[in-house]
2 protein chains.
Amino acid sequence: MNIDRRSGCPINLSLEVFGDRWSLIILRDMIFGGRRHFREILNGSLEGIASNILADRLKRLMELGLLTKADDPSHKQKAIYSLTEMAITLVPIMAHLGAWGRVWLPVSEELSIRAELLEKGGQPLWEQFMDELRHEHLGAPSRTPAGTPGVRAQLRAAYEAVVARNAEAARER
Amino acid sequence: MNIDRRSGCPINLSLEVFGDRWSLIILRDMIFGGRRHFREILNGSLEGIASNILADRLKRLMELGLLTKADDPSHKQKAIYSLTEMAITLVPIMAHLGAWGRVWLPVSEELSIRAELLEKGGQPLWEQFMDELRHEHLGAPSRTPAGTPGVRAQLRAAYEAVVARNAEAARER
DNA sequence: GTATTCCGATTGCATTTTGCAATCAGTTGC
DNA sequence: GCAACTGATTGCAAAATGCAATCGGAATAC
């Protein structure tokens with residue numbers, strides 16, 4: 001469960017945090033999908049994580065300092081998982097990973113539209129998004145002016161626009 | 001051995017390429033350490049990869065299109081592994097991963113100096129480095145002016161300077 | 001008030017992946 | 001000829017993964 005520290009190399013240590021098939025998927029769903037509860041992550045991810053693996057990874061990510069857990073006041077047995085600053089600063093890495101995947105791997109159009117938007121937006125958009133995440137997960141005051149559409153809302157809107165357009169195209173055929 | 005394609009999400013697909021404990025380590029040693037032969041990678045990495053895992057991953061990375069293999073003309077049973085463009089474009093991701101690790105994980109000073117240099121250099125340095133890699137691995141003409149010190153040479157020099165400084169400090173104690 | 005659903009897990013078990021040491025046959029240097 | 005080196009392969013134990021079933025407590029529907 002704990003980190004190995006096979007060496008003190010930064011890339012190696014990062015890899016010991018993410019070098020498995022599920023940890024980054026969970027963080028992706030929390031960051032971009034806004035999921036905070038066990039069941040949301042379990043049922044929401046396209047890749048279909050098993051509940052025992054999810055439980056194990058949530059525990060591990062908490063031990064590593066990427067997540068925290070708190071009781072949901074509205075529901076006695078519900079737990080809310082929050083991203084820490086450590087996890088929020090992964091946004092640029094996620095953006096790069098998505099951009100690389102979009103170029104070299106057989107991504108689906110619907111799912112890559114968000115990566116594209118994130119890539120186009122660049123550092124300023126990532127900063128705005130991280131600010132938004134700090135607001136949601138850490139209770140930090142938002143520095144974005146009121147009325148500005150949230151980054152996650154933009155990502156979702158773009159996704160839904162593609163889905164709608166494709167449905168339209170399918171109907172015409 | 002082959003890729004799963006659990007979903008067409010760019011981040012997921014990228015993760016199916018790197019979501020293990022060794023693939024990125026091997027690429028790191030080839031990119032930053034300049035290693036091209038089986039034995040060089042096997043004995044050179046600090047983390048101590050096993051030979052069967054290395055053989056397996058080299059095969060896998062070739063199947064995925066990140067590496068190619070060629071005979072070494074100087075030695076009949078030696079194989080030379082080369083990075084493809086697909087692998088070379090991982091440099092920015094490596095730089096980000098290293099930068100993130102440097103902030104959040106217990107990196108050692110000697111090993112993080114290279115990540116620091118790469119971070120400070122930013123996109124221009126990454127471009128120069130990728131150009132250098134294309135020259136070494138793809139036979140592309142180098143666009144950097146003659147006499148310019150190579151990025152890998154800079155990284156090595158910085159590393160050796162830290163090692164020497166620390167040895168000096170240890171002697172004085 | 002009671003049946004049903006939902007909550008975050010846990011358990012058991014078969015399959016797959018990993019880590020490790022030993023080994024291989026061909027090649028090279030001497 | 002022979003030791004060292006080349007890129008692997010094999011056998012085996014241990015760990016991780018995937019999957020289905022299940023748990024006790026809590027909320028919800030009626």
# chains A, B, ... in the order shown; residues from 1 in each chain; ligands from 1
call {"tool": "residues_around", "arguments": {"residues": "C:DT10", "least_positions_apart": "6", "cutoff": "12 Å", "atoms": "only C-alpha atoms (C1' of nucleotides)", "output": "list in words"}}
result
Ser51, Asn52, Ile53, Ala55 and Asp56 of chain A; DA21, DT22, DC23 and DG24 of chain D
call {"tool": "write_last_selection", "arguments": {"atoms": "all heavy atoms", "output": "mmCIF file, in the first residue's frame"}}
result
data_model
loop_
_atom_site.group_PDB
_atom_site.id
_atom_site.type_symbol
_atom_site.label_atom_id
_atom_site.label_comp_id
_atom_site.auth_asym_id
_atom_site.auth_seq_id
_atom_site.Cartn_x
_atom_site.Cartn_y
_atom_site.Cartn_z
ATOM 1 N N SER A 51 -15.446 -2.335 -7.035
ATOM 2 C CA SER A 51 -15.609 -1.608 -5.773
ATOM 3 C C SER A 51 -14.457 -1.848 -4.802
ATOM 4 O O SER A 51 -14.084 -0.948 -4.057
ATOM 5 C CB SER A 51 -16.930 -1.982 -5.115
ATOM 6 O OG SER A 51 -16.905 -3.321 -4.678
ATOM 7 N N ASN A 52 -13.900 -3.051 -4.822
ATOM 8 C CA ASN A 52 -12.770 -3.290 -3.912
ATOM 9 C C ASN A 52 -11.527 -2.505 -4.332
ATOM 10 O O ASN A 52 -10.817 -1.961 -3.487
ATOM 11 C CB ASN A 52 -12.457 -4.786 -3.817
ATOM 12 C CG ASN A 52 -12.168 -5.411 -5.166
ATOM 13 O OD1 ASN A 52 -12.453 -4.799 -6.191
ATOM 14 N ND2 ASN A 52 -11.612 -6.596 -5.173
ATOM 15 N N ILE A 53 -11.319 -2.410 -5.628
ATOM 16 C CA ILE A 53 -10.178 -1.619 -6.122
ATOM 17 C C ILE A 53 -10.388 -0.144 -5.794
ATOM 18 O O ILE A 53 -9.474 0.548 -5.349
ATOM 19 C CB ILE A 53 -10.020 -1.771 -7.649
ATOM 20 C CG1 ILE A 53 -9.962 -3.247 -8.038
ATOM 21 C CG2 ILE A 53 -8.800 -1.023 -8.146
ATOM 22 C CD1 ILE A 53 -8.638 -3.884 -7.889
ATOM 23 N N ALA A 55 -12.140 1.145 -3.330
ATOM 24 C CA ALA A 55 -11.926 1.343 -1.890
ATOM 25 C C ALA A 55 -10.436 1.391 -1.578
ATOM 26 O O ALA A 55 -9.960 2.255 -0.832
ATOM 27 C CB ALA A 55 -12.598 0.218 -1.111
ATOM 28 N N ASP A 56 -9.696 0.470 -2.179
ATOM 29 C CA ASP A 56 -8.255 0.404 -1.949
ATOM 30 C C ASP A 56 -7.549 1.669 -2.426
ATOM 31 O O ASP A 56 -6.717 2.243 -1.716
ATOM 32 C CB ASP A 56 -7.692 -0.812 -2.689
ATOM 33 C CG ASP A 56 -6.202 -0.956 -2.516
ATOM 34 O OD1 ASP A 56 -5.807 -1.510 -1.478
ATOM 35 O OD2 ASP A 56 -5.431 -0.495 -3.386
ATOM 36 P P DA D 21 -23.487 -13.085 -8.354
ATOM 37 O OP1 DA D 21 -24.234 -14.273 -8.817
ATOM 38 O OP2 DA D 21 -23.953 -11.723 -8.707
ATOM 39 O "O5'" DA D 21 -23.330 -13.163 -6.769
ATOM 40 C "C5'" DA D 21 -22.456 -14.143 -6.205
ATOM 41 C "C4'" DA D 21 -22.225 -13.808 -4.747
ATOM 42 O "O4'" DA D 21 -21.292 -12.708 -4.647
ATOM 43 C "C3'" DA D 21 -23.485 -13.385 -3.981
ATOM 44 O "O3'" DA D 21 -23.655 -14.206 -2.837
ATOM 45 C "C2'" DA D 21 -23.227 -11.917 -3.625
ATOM 46 C "C1'" DA D 21 -21.714 -11.840 -3.628
ATOM 47 N N9 DA D 21 -21.188 -10.506 -3.935
ATOM 48 C C8 DA D 21 -21.474 -9.737 -5.039
ATOM 49 N N7 DA D 21 -20.852 -8.577 -5.052
ATOM 50 C C5 DA D 21 -20.114 -8.577 -3.869
ATOM 51 C C6 DA D 21 -19.241 -7.638 -3.296
ATOM 52 N N6 DA D 21 -18.960 -6.454 -3.852
ATOM 53 N N1 DA D 21 -18.669 -7.964 -2.112
ATOM 54 C C2 DA D 21 -18.953 -9.142 -1.557
ATOM 55 N N3 DA D 21 -19.758 -10.114 -2.002
ATOM 56 C C4 DA D 21 -20.307 -9.765 -3.178
ATOM 57 P P DT D 22 -24.951 -14.016 -1.858
ATOM 58 O OP1 DT D 22 -25.230 -15.321 -1.224
ATOM 59 O OP2 DT D 22 -25.985 -13.283 -2.607
ATOM 60 O "O5'" DT D 22 -24.375 -13.034 -0.732
ATOM 61 C "C5'" DT D 22 -23.103 -13.307 -0.137
ATOM 62 C "C4'" DT D 22 -22.713 -12.127 0.732
ATOM 63 O "O4'" DT D 22 -22.273 -11.026 -0.100
ATOM 64 C "C3'" DT D 22 -23.844 -11.567 1.592
ATOM 65 O "O3'" DT D 22 -23.609 -11.924 2.947
ATOM 66 C "C2'" DT D 22 -23.789 -10.055 1.378
ATOM 67 C "C1'" DT D 22 -22.474 -9.858 0.641
ATOM 68 N N1 DT D 22 -22.464 -8.710 -0.308
ATOM 69 C C2 DT D 22 -21.715 -7.609 -0.010
ATOM 70 O O2 DT D 22 -21.059 -7.510 1.017
ATOM 71 N N3 DT D 22 -21.751 -6.604 -0.942
ATOM 72 C C4 DT D 22 -22.465 -6.601 -2.137
ATOM 73 O O4 DT D 22 -22.421 -5.641 -2.894
ATOM 74 C C5 DT D 22 -23.232 -7.780 -2.394
ATOM 75 C C7 DT D 22 -24.032 -7.888 -3.656
ATOM 76 C C6 DT D 22 -23.201 -8.772 -1.484
ATOM 77 P P DC D 23 -24.723 -11.631 4.087
ATOM 78 O OP1 DC D 23 -24.748 -12.804 4.991
ATOM 79 O OP2 DC D 23 -25.971 -11.156 3.451
ATOM 80 O "O5'" DC D 23 -24.087 -10.402 4.887
ATOM 81 C "C5'" DC D 23 -22.673 -10.328 5.105
ATOM 82 C "C4'" DC D 23 -22.350 -8.942 5.641
ATOM 83 O "O4'" DC D 23 -22.064 -8.060 4.553
ATOM 84 C "C3'" DC D 23 -23.519 -8.327 6.407
ATOM 85 O "O3'" DC D 23 -23.252 -8.380 7.802
ATOM 86 C "C2'" DC D 23 -23.607 -6.890 5.910
ATOM 87 C "C1'" DC D 23 -22.503 -6.770 4.876
ATOM 88 N N1 DC D 23 -22.950 -6.129 3.611
ATOM 89 C C2 DC D 23 -22.497 -4.846 3.308
ATOM 90 O O2 DC D 23 -21.726 -4.264 4.104
ATOM 91 N N3 DC D 23 -22.901 -4.255 2.160
ATOM 92 C C4 DC D 23 -23.714 -4.910 1.330
ATOM 93 N N4 DC D 23 -24.076 -4.291 0.200
ATOM 94 C C5 DC D 23 -24.195 -6.214 1.618
ATOM 95 C C6 DC D 23 -23.799 -6.783 2.769
ATOM 96 P P DG D 24 -24.574 -8.504 8.782
ATOM 97 O OP1 DG D 24 -24.214 -9.483 9.840
ATOM 98 O OP2 DG D 24 -25.812 -8.677 7.980
ATOM 99 O "O5'" DG D 24 -24.622 -7.060 9.437
ATOM 100 C "C5'" DG D 24 -23.428 -6.480 9.965
ATOM 101 C "C4'" DG D 24 -23.594 -4.971 9.974
ATOM 102 O "O4'" DG D 24 -23.669 -4.492 8.611
ATOM 103 C "C3'" DG D 24 -24.890 -4.505 10.662
ATOM 104 O "O3'" DG D 24 -24.594 -3.345 11.401
ATOM 105 C "C2'" DG D 24 -25.834 -4.215 9.489
ATOM 106 C "C1'" DG D 24 -24.838 -3.711 8.453
ATOM 107 N N9 DG D 24 -25.273 -3.844 7.065
ATOM 108 C C8 DG D 24 -25.998 -4.864 6.495
ATOM 109 N N7 DG D 24 -26.223 -4.695 5.218
ATOM 110 C C5 DG D 24 -25.626 -3.475 4.925
ATOM 111 C C6 DG D 24 -25.553 -2.763 3.696
ATOM 112 O O6 DG D 24 -26.007 -3.069 2.587
ATOM 113 N N1 DG D 24 -24.858 -1.567 3.855
ATOM 114 C C2 DG D 24 -24.300 -1.126 5.033
ATOM 115 N N2 DG D 24 -23.670 0.048 4.982
ATOM 116 N N3 DG D 24 -24.365 -1.782 6.180
ATOM 117 C C4 DG D 24 -25.044 -2.947 6.049
#
call {"tool": "interface_residues", "arguments": {"of": "chain B", "to": "chain A", "cutoff": "9 Å", "atoms": "only C-alpha atoms", "output": "ChimeraX atom specification"}}
result
/B:5-16,18-22,24-25,28,46-48,86,89-90,92-112,115
call {"tool": "residues_around", "arguments": {"residues": "B:Pro141", "least_positions_apart": "4", "cutoff": "10 Å", "atoms": "only C-alpha atoms (C1' of nucleotides)", "output": "PyMOL selection string"}}
result
chain B and resi 131-132+134-136
call {"tool": "interface_residues", "arguments": {"of": "chain B", "to": "chain D", "cutoff": "12 Å", "atoms": "only C-alpha atoms (C1' of nucleotides)", "output": "mmCIF file with all heavy atoms, in the first residue's frame"}}
result
data_model
loop_
_atom_site.group_PDB
_atom_site.id
_atom_site.type_symbol
_atom_site.label_atom_id
_atom_site.label_comp_id
_atom_site.auth_asym_id
_atom_site.auth_seq_id
_atom_site.Cartn_x
_atom_site.Cartn_y
_atom_site.Cartn_z
ATOM 1 N N ASP B 20 1.768 1.597 -15.765
ATOM 2 C CA ASP B 20 2.452 0.502 -15.086
ATOM 3 C C ASP B 20 3.741 1.048 -14.510
ATOM 4 O O ASP B 20 4.113 2.186 -14.772
ATOM 5 C CB ASP B 20 2.712 -0.655 -16.048
ATOM 6 C CG ASP B 20 3.887 -0.401 -16.964
ATOM 7 O OD1 ASP B 20 3.693 0.268 -17.980
ATOM 8 O OD2 ASP B 20 5.002 -0.839 -16.649
ATOM 9 N N HIS B 37 20.780 0.216 -25.590
ATOM 10 C CA HIS B 37 20.914 -1.246 -25.617
ATOM 11 C C HIS B 37 20.246 -1.882 -24.402
ATOM 12 O O HIS B 37 20.128 -1.263 -23.353
ATOM 13 C CB HIS B 37 22.397 -1.634 -25.624
ATOM 14 C CG HIS B 37 23.152 -1.089 -26.780
ATOM 15 N ND1 HIS B 37 22.937 -1.505 -28.067
ATOM 16 C CD2 HIS B 37 24.112 -0.131 -26.842
ATOM 17 C CE1 HIS B 37 23.739 -0.835 -28.876
ATOM 18 N NE2 HIS B 37 24.455 0.015 -28.164
ATOM 19 N N PHE B 38 19.833 -3.114 -24.600
ATOM 20 C CA PHE B 38 19.186 -3.887 -23.539
ATOM 21 C C PHE B 38 19.976 -3.835 -22.222
ATOM 22 O O PHE B 38 19.440 -3.455 -21.178
ATOM 23 C CB PHE B 38 19.044 -5.343 -24.004
ATOM 24 C CG PHE B 38 18.172 -6.192 -23.145
ATOM 25 C CD1 PHE B 38 16.826 -6.359 -23.443
ATOM 26 C CD2 PHE B 38 18.690 -6.841 -22.033
ATOM 27 C CE1 PHE B 38 16.014 -7.162 -22.656
ATOM 28 C CE2 PHE B 38 17.883 -7.634 -21.234
ATOM 29 C CZ PHE B 38 16.549 -7.804 -21.546
ATOM 30 N N ARG B 39 21.249 -4.195 -22.296
ATOM 31 C CA ARG B 39 22.054 -4.254 -21.076
ATOM 32 C C ARG B 39 22.241 -2.877 -20.428
ATOM 33 O O ARG B 39 22.324 -2.754 -19.204
ATOM 34 C CB ARG B 39 23.436 -4.844 -21.362
ATOM 35 C CG ARG B 39 23.582 -6.365 -21.314
ATOM 36 C CD ARG B 39 22.842 -7.014 -20.204
ATOM 37 N NE ARG B 39 23.429 -8.262 -19.716
ATOM 38 C CZ ARG B 39 22.985 -9.471 -20.027
ATOM 39 N NH1 ARG B 39 21.985 -9.646 -20.857
ATOM 40 N NH2 ARG B 39 23.537 -10.548 -19.479
ATOM 41 N N GLU B 40 22.333 -1.848 -21.265
ATOM 42 C CA GLU B 40 22.481 -0.487 -20.727
ATOM 43 C C GLU B 40 21.282 -0.105 -19.878
ATOM 44 O O GLU B 40 21.421 0.451 -18.789
ATOM 45 C CB GLU B 40 22.585 0.526 -21.877
ATOM 46 C CG GLU B 40 23.971 0.690 -22.471
ATOM 47 C CD GLU B 40 23.967 1.714 -23.609
ATOM 48 O OE1 GLU B 40 22.868 2.106 -24.081
ATOM 49 O OE2 GLU B 40 25.043 2.123 -24.028
ATOM 50 N N ILE B 41 20.087 -0.430 -20.399
ATOM 51 C CA ILE B 41 18.877 -0.098 -19.659
ATOM 52 C C ILE B 41 18.777 -0.966 -18.412
ATOM 53 O O ILE B 41 18.455 -0.495 -17.326
ATOM 54 C CB ILE B 41 17.631 -0.311 -20.548
ATOM 55 C CG1 ILE B 41 17.738 0.536 -21.824
ATOM 56 C CG2 ILE B 41 16.361 0.046 -19.790
ATOM 57 C CD1 ILE B 41 16.674 0.200 -22.857
ATOM 58 N N LEU B 42 19.094 -2.238 -18.595
ATOM 59 C CA LEU B 42 18.973 -3.203 -17.493
ATOM 60 C C LEU B 42 19.849 -2.812 -16.304
ATOM 61 O O LEU B 42 19.386 -2.775 -15.165
ATOM 62 C CB LEU B 42 19.363 -4.593 -17.996
ATOM 63 C CG LEU B 42 19.166 -5.734 -17.001
ATOM 64 C CD1 LEU B 42 17.693 -5.932 -16.719
ATOM 65 C CD2 LEU B 42 19.780 -7.020 -17.532
ATOM 66 N N ALA B 50 13.901 -5.984 -13.685
ATOM 67 C CA ALA B 50 14.268 -7.376 -13.978
ATOM 68 C C ALA B 50 14.307 -7.588 -15.491
ATOM 69 O O ALA B 50 13.580 -6.936 -16.234
ATOM 70 C CB ALA B 50 13.267 -8.330 -13.341
ATOM 71 N N SER B 51 15.149 -8.519 -15.912
ATOM 72 C CA SER B 51 15.375 -8.667 -17.349
ATOM 73 C C SER B 51 14.137 -9.156 -18.089
ATOM 74 O O SER B 51 13.905 -8.763 -19.233
ATOM 75 C CB SER B 51 16.544 -9.608 -17.611
ATOM 76 O OG SER B 51 16.212 -10.929 -17.235
ATOM 77 N N ASN B 52 13.333 -9.993 -17.458
ATOM 78 C CA ASN B 52 12.126 -10.455 -18.149
ATOM 79 C C ASN B 52 11.113 -9.334 -18.311
ATOM 80 O O ASN B 52 10.459 -9.214 -19.345
ATOM 81 C CB ASN B 52 11.504 -11.649 -17.426
ATOM 82 C CG ASN B 52 11.189 -11.349 -15.983
ATOM 83 O OD1 ASN B 52 11.669 -10.358 -15.451
ATOM 84 N ND2 ASN B 52 10.383 -12.167 -15.359
ATOM 85 N N ILE B 53 11.013 -8.495 -17.302
ATOM 86 C CA ILE B 53 10.097 -7.353 -17.391
ATOM 87 C C ILE B 53 10.582 -6.389 -18.465
ATOM 88 O O ILE B 53 9.800 -5.888 -19.268
ATOM 89 C CB ILE B 53 10.026 -6.599 -16.038
ATOM 90 C CG1 ILE B 53 9.700 -7.560 -14.905
ATOM 91 C CG2 ILE B 53 9.024 -5.461 -16.117
ATOM 92 C CD1 ILE B 53 8.275 -7.869 -14.729
ATOM 93 N N LEU B 54 11.897 -6.175 -18.497
ATOM 94 C CA LEU B 54 12.438 -5.277 -19.516
ATOM 95 C C LEU B 54 12.147 -5.805 -20.917
ATOM 96 O O LEU B 54 11.680 -5.063 -21.788
ATOM 97 C CB LEU B 54 13.949 -5.108 -19.311
ATOM 98 C CG LEU B 54 14.663 -4.265 -20.375
ATOM 99 C CD1 LEU B 54 14.056 -2.880 -20.487
ATOM 100 C CD2 LEU B 54 16.159 -4.166 -20.073
ATOM 101 N N ALA B 55 12.388 -7.096 -21.124
ATOM 102 C CA ALA B 55 12.122 -7.693 -22.437
ATOM 103 C C ALA B 55 10.651 -7.525 -22.805
ATOM 104 O O ALA B 55 10.310 -7.148 -23.931
ATOM 105 C CB ALA B 55 12.504 -9.164 -22.427
ATOM 106 N N ASP B 56 9.796 -7.784 -21.828
ATOM 107 C CA ASP B 56 8.356 -7.669 -22.062
ATOM 108 C C ASP B 56 7.958 -6.247 -22.433
ATOM 109 O O ASP B 56 7.211 -6.015 -23.376
ATOM 110 C CB ASP B 56 7.617 -8.106 -20.796
ATOM 111 C CG ASP B 56 6.112 -8.019 -20.965
ATOM 112 O OD1 ASP B 56 5.542 -8.960 -21.531
ATOM 113 O OD2 ASP B 56 5.528 -6.997 -20.538
ATOM 114 N N LEU B 58 9.884 -3.739 -23.567
ATOM 115 C CA LEU B 58 10.452 -3.290 -24.838
ATOM 116 C C LEU B 58 9.578 -3.783 -25.989
ATOM 117 O O LEU B 58 9.267 -3.028 -26.918
ATOM 118 C CB LEU B 58 11.887 -3.808 -24.999
ATOM 119 C CG LEU B 58 12.942 -3.127 -24.125
ATOM 120 C CD1 LEU B 58 14.285 -3.837 -24.251
ATOM 121 C CD2 LEU B 58 13.104 -1.656 -24.497
ATOM 122 N N LYS B 59 9.150 -5.032 -25.894
ATOM 123 C CA LYS B 59 8.278 -5.587 -26.926
ATOM 124 C C LYS B 59 6.974 -4.805 -26.995
ATOM 125 O O LYS B 59 6.505 -4.404 -28.064
ATOM 126 C CB LYS B 59 7.999 -7.063 -26.617
ATOM 127 C CG LYS B 59 7.478 -7.844 -27.793
ATOM 128 C CD LYS B 59 7.536 -9.349 -27.539
ATOM 129 C CE LYS B 59 6.346 -9.817 -26.728
ATOM 130 N NZ LYS B 59 6.301 -11.273 -26.537
ATOM 131 N N LYS B 69 13.426 -1.069 -33.255
ATOM 132 C CA LYS B 69 14.599 -1.884 -32.942
ATOM 133 C C LYS B 69 15.367 -2.112 -34.226
ATOM 134 O O LYS B 69 14.777 -2.329 -35.285
ATOM 135 C CB LYS B 69 14.097 -3.213 -32.380
ATOM 136 C CG LYS B 69 15.144 -4.212 -31.977
ATOM 137 C CD LYS B 69 14.401 -5.449 -31.472
ATOM 138 C CE LYS B 69 15.331 -6.580 -31.130
ATOM 139 N NZ LYS B 69 14.558 -7.738 -30.618
ATOM 140 N N ASP B 71 19.401 -3.682 -35.868
ATOM 141 C CA ASP B 71 20.667 -4.352 -35.588
ATOM 142 C C ASP B 71 21.772 -3.323 -35.421
ATOM 143 O O ASP B 71 21.802 -2.310 -36.119
ATOM 144 C CB ASP B 71 21.037 -5.286 -36.743
ATOM 145 C CG ASP B 71 20.083 -6.469 -36.823
ATOM 146 O OD1 ASP B 71 19.464 -6.782 -35.788
ATOM 147 O OD2 ASP B 71 19.946 -7.055 -37.914
ATOM 148 N N ASP B 72 22.664 -3.628 -34.510
ATOM 149 C CA ASP B 72 23.851 -2.789 -34.361
ATOM 150 C C ASP B 72 24.899 -3.319 -35.330
ATOM 151 O O ASP B 72 25.333 -4.464 -35.208
ATOM 152 C CB ASP B 72 24.359 -2.883 -32.910
ATOM 153 C CG ASP B 72 25.524 -1.943 -32.661
ATOM 154 O OD1 ASP B 72 26.240 -1.617 -33.625
ATOM 155 O OD2 ASP B 72 25.716 -1.525 -31.511
ATOM 156 N N HIS B 75 28.119 -4.991 -33.983
ATOM 157 C CA HIS B 75 28.081 -6.125 -33.049
ATOM 158 C C HIS B 75 26.876 -6.981 -33.428
ATOM 159 O O HIS B 75 25.734 -6.579 -33.227
ATOM 160 C CB HIS B 75 27.954 -5.593 -31.620
ATOM 161 C CG HIS B 75 28.175 -6.612 -30.553
ATOM 162 N ND1 HIS B 75 27.397 -7.729 -30.436
ATOM 163 C CD2 HIS B 75 29.089 -6.681 -29.559
ATOM 164 C CE1 HIS B 75 27.830 -8.427 -29.399
ATOM 165 N NE2 HIS B 75 28.843 -7.815 -28.849
ATOM 166 N N LYS B 76 27.142 -8.169 -33.926
ATOM 167 C CA LYS B 76 26.091 -8.959 -34.564
ATOM 168 C C LYS B 76 24.865 -9.239 -33.700
ATOM 169 O O LYS B 76 23.755 -9.316 -34.203
ATOM 170 C CB LYS B 76 26.662 -10.291 -35.065
ATOM 171 C CG LYS B 76 27.200 -10.188 -36.490
ATOM 172 C CD LYS B 76 27.381 -11.565 -37.095
ATOM 173 C CE LYS B 76 27.991 -11.418 -38.507
ATOM 174 N NZ LYS B 76 28.580 -12.681 -38.988
ATOM 175 N N GLN B 77 25.066 -9.449 -32.406
ATOM 176 C CA GLN B 77 23.875 -9.773 -31.627
ATOM 177 C C GLN B 77 23.353 -8.604 -30.799
ATOM 178 O O GLN B 77 22.485 -8.768 -29.950
ATOM 179 C CB GLN B 77 24.110 -11.001 -30.740
ATOM 180 C CG GLN B 77 25.095 -10.761 -29.652
ATOM 181 C CD GLN B 77 25.366 -12.011 -28.858
ATOM 182 O OE1 GLN B 77 26.436 -12.156 -28.297
ATOM 183 N NE2 GLN B 77 24.401 -12.909 -28.792
ATOM 184 N N LYS B 78 23.916 -7.436 -31.054
ATOM 185 C CA LYS B 78 23.443 -6.258 -30.338
ATOM 186 C C LYS B 78 22.274 -5.623 -31.080
ATOM 187 O O LYS B 78 22.284 -5.515 -32.309
ATOM 188 C CB LYS B 78 24.568 -5.228 -30.230
ATOM 189 C CG LYS B 78 24.971 -4.906 -28.797
ATOM 190 C CD LYS B 78 26.140 -3.956 -28.778
ATOM 191 C CE LYS B 78 26.612 -3.696 -27.353
ATOM 192 N NZ LYS B 78 27.886 -2.984 -27.343
ATOM 193 N N ALA B 79 21.288 -5.224 -30.325
ATOM 194 C CA ALA B 79 20.160 -4.510 -30.915
ATOM 195 C C ALA B 79 20.186 -3.075 -30.423
ATOM 196 O O ALA B 79 20.544 -2.812 -29.271
ATOM 197 C CB ALA B 79 18.848 -5.175 -30.523
ATOM 198 N N ILE B 80 19.835 -2.151 -31.297
ATOM 199 C CA ILE B 80 19.734 -0.748 -30.900
ATOM 200 C C ILE B 80 18.265 -0.372 -30.870
ATOM 201 O O ILE B 80 17.545 -0.592 -31.848
ATOM 202 C CB ILE B 80 20.455 0.179 -31.907
ATOM 203 C CG1 ILE B 80 21.941 -0.153 -31.942
ATOM 204 C CG2 ILE B 80 20.262 1.640 -31.515
ATOM 205 C CD1 ILE B 80 22.727 0.817 -32.788
ATOM 206 N N TYR B 81 17.826 0.155 -29.753
ATOM 207 C CA TYR B 81 16.443 0.611 -29.648
ATOM 208 C C TYR B 81 16.407 2.111 -29.874
ATOM 209 O O TYR B 81 17.239 2.854 -29.343
ATOM 210 C CB TYR B 81 15.879 0.265 -28.270
ATOM 211 C CG TYR B 81 15.727 -1.224 -28.083
ATOM 212 C CD1 TYR B 81 16.742 -1.982 -27.506
ATOM 213 C CD2 TYR B 81 14.581 -1.878 -28.513
ATOM 214 C CE1 TYR B 81 16.616 -3.358 -27.366
ATOM 215 C CE2 TYR B 81 14.438 -3.252 -28.371
ATOM 216 C CZ TYR B 81 15.463 -3.979 -27.797
ATOM 217 O OH TYR B 81 15.326 -5.339 -27.659
#
call {"tool": "interface_residues", "arguments": {"of": "chain C", "to": "chain A", "cutoff": "7 Å", "atoms": "only C-alpha atoms (C1' of nucleotides)", "output": "list in words"}}
result
DC7, DG8 and DA9 of chain C
call {"tool": "select_by_dssp", "arguments": {"residues": "chain B", "states": "strand (DSSP E or B)", "output": "ChimeraX atom specification"}}
result
/B:67-71,79-83
